[in-house]
Amino acid sequence: MKAALASFFSILANIYWFTIQFFKEVFTARFESREFVKQCHQIGVGSLALIGLTGFITGFVFTNQSRPSLANFGATSWLPSLVSIAVVRALSSLVTALIISGKVGSQIGAELGSMRVTEQIEAMEVSASNPFNFLVVTRVFATTLMMPVLSLYTALMGLLGGYLNIHQNELISFASFMDKSFNAINMTDLAALIFRALVFGFTIGIISCYQGYHASKGTESVGIAANRSVVISMFLIFLEELLIVHVFKMFR
Amino acid sequence: MSDQPEDSNRKVLIRIQHLNKSFGSLKVLENANLEVFQGENLIVLGKSGAGKSVLIKLIIGLLRPDSGIINVLGQQIDQLKPKQLQQLRLKIGFSFQNSALYDSMTVRENLAFPLVRNHRHLKPREVNAQVERVLESVGLLPLIDQMPASLSGGQKKRVGIARTLILRPEIMLYDEPTSGLDPITSMEINSLINRVRERFNTTSIVITHDLVCAKEVGDRVIMLLDGKFEKQGTFEEIFDTDDDRIKSFYNYNFLQSKL
């Protein structure tokens, strides 16, 4: 028990120093713009189809499942606002973060882990090429900046899923659905969505890069790095969601 | 420098004094002393796990010594700040045992990677010209746009060496350059190491347990046994001994090459 606690706090301390090094590199090293764009493309464009479909299904299923409860009170006309509040305030950023931590987090963890195991990171170090700046800074920046974009896309697709379900059952027009949906949310909701997505993106990036960058030697460690990247990122995302919900409650 | 001969006429590029390195309870290097002279090819022989690779990783600052002094090109490695270490590393080439090529990049991008990052002023045309020149010197220009996965073991080693040469290092560190290669390819790598010295005026440390490589490449051979540099001299001098540990090393390698 004592050893497990010591190991836990030691990992926390290492992640803290890893984050400090990230910010140090951001302000001192030359930005690797080409690698950053490549990562943004891989993370953003590479995830669009998956994120879009997931967002659409989430909106569709959520609307379908909410209908019976509202129908009991004859309040199915509230469905558009209910869907938009649920999607924009919680579901879009959370669903996107969980999908991205599974898809991108594991990819970053395995890629950097494999580079560590095959001494590619050491090869960059000995040629004075600053692997931290090239590999970590670009990936953390890319996940952080792509998450809000993907979350907004998920929200849009979620609303579209909700609309299709409502249109099938209540025969509401698209303009009317959008009008009701956007009346239910405000700028604080959008700001909260973007803020949450930024925090989740940074978490996924930094945790996955840390796990991969510090993979120990051996092929087994590549799998462990990928696995831990996903599990720790997801766990932290739920913790952060809890905190952010309470913080933004004060602004409403 | 208890076990080293004095050679006042030649410039010492690497000086190691009283070096100790352990991993947990395992002592890898124990009070090791060594000098590497300008222009020589020094062979470090030893069994697997003897600490040969640890030695060159200490020299380039990938590992830190427990105690002792490692002086490279007049600078004490473990006392350098990150920027200073980075500057010093530009003068040292490191060829990895498994080549360590960046597998998501082409051969051209592998060579351009360190060049672009350390000489930001170079135009793409100049980078390309330098990449092509160095690749030509290792005889691999036709493979310039190949991915590492499509190269053979020997080709990977040569690309790895070319990637270090692109920064024009003064010192080359080769970690098992012929391991895992067939005898013909090993001979090609041996002659490449000799050509690199002639063409780029490098001083080299070659870590190996391949006696053919040691004989073909080495000016001076040093034996790493039980964490210490036990014996040094020419290839013939090293194996003219009654020390059973050295004799068994020779006999085993000789037997292997016969087989």
# chains A, B, ... in the order shown; residues from 1 in each chain; ligands from 1

$ closest_atom_pairs --of "chain A" --to "chain B" --cutoff "12 Å" --atoms "only C-alpha atoms" --output "CSV"
residue,atom,partner,partner_atom,distance
A:Thr28,CA,B:Lys83,CA,11.5
A:Ala29,CA,B:Arg117,CA,10.9
A:Arg30,CA,B:Arg117,CA,9.3
A:Phe31,CA,B:Arg117,CA,10.9
A:Glu32,CA,B:Arg117,CA,9.6
A:Glu35,CA,B:Phe113,CA,11.8
A:Glu111,CA,B:Ser104,CA,10.0
A:Leu112,CA,B:Tyr102,CA,11.4
A:Ser114,CA,B:Asp103,CA,10.2
A:Met115,CA,B:Tyr102,CA,8.0
A:Arg116,CA,B:Ala100,CA,9.7
A:Val117,CA,B:Ala100,CA,9.5
A:Thr118,CA,B:Ala100,CA,6.0
A:Glu119,CA,B:Ala100,CA,5.4
A:Gln120,CA,B:Ala100,CA,4.9
A:Ile121,CA,B:Ala100,CA,8.5
A:Glu122,CA,B:Leu62,CA,7.6
A:Ala123,CA,B:Ala100,CA,6.4
A:Met124,CA,B:Pro114,CA,7.5
A:Glu125,CA,B:Leu62,CA,8.1
A:Val126,CA,B:Arg89,CA,5.9
A:Ser127,CA,B:Pro114,CA,5.9
A:Ala128,CA,B:Gln86,CA,5.0
A:Ser129,CA,B:Pro114,CA,5.7
A:Asn130,CA,B:Arg117,CA,8.5
A:Pro131,CA,B:Pro114,CA,10.6
A:Asn133,CA,B:Arg117,CA,11.0
A:Phe134,CA,B:Arg117,CA,9.9

$ atom_distance --atom1 "atom CA of A:Gly161" --atom2 "atom CA of A:Ile57"
6.2 Å

$ closest_residue --among "A:Gln21, A:Asn72, A:Gly59, A:Leu150" --to "A:Gly46" --atoms "only C-alpha atoms"
A:Leu150

$ select_by_dssp --residues "stretch 59-252 of chain A" --states "alpha helix (DSSP H)" --output "MDAnalysis selection string"
chainID A and resid 59:72 79:86 92:100 106:117 120:126 131 138:170 174:184 187:213 220:249

$ residues_around --residues "A:Leu198" --least-positions-apart "2" --cutoff "9 Å" --atoms "only C-alpha atoms" --output "PyMOL selection string"
chain A and resi 143-148+193-196+200-203

$ closest_residue --among "A:Leu152, A:Leu79, A:Leu98, A:Ala225" --to "A:Glu241" --atoms "only C-alpha atoms"
A:Leu98
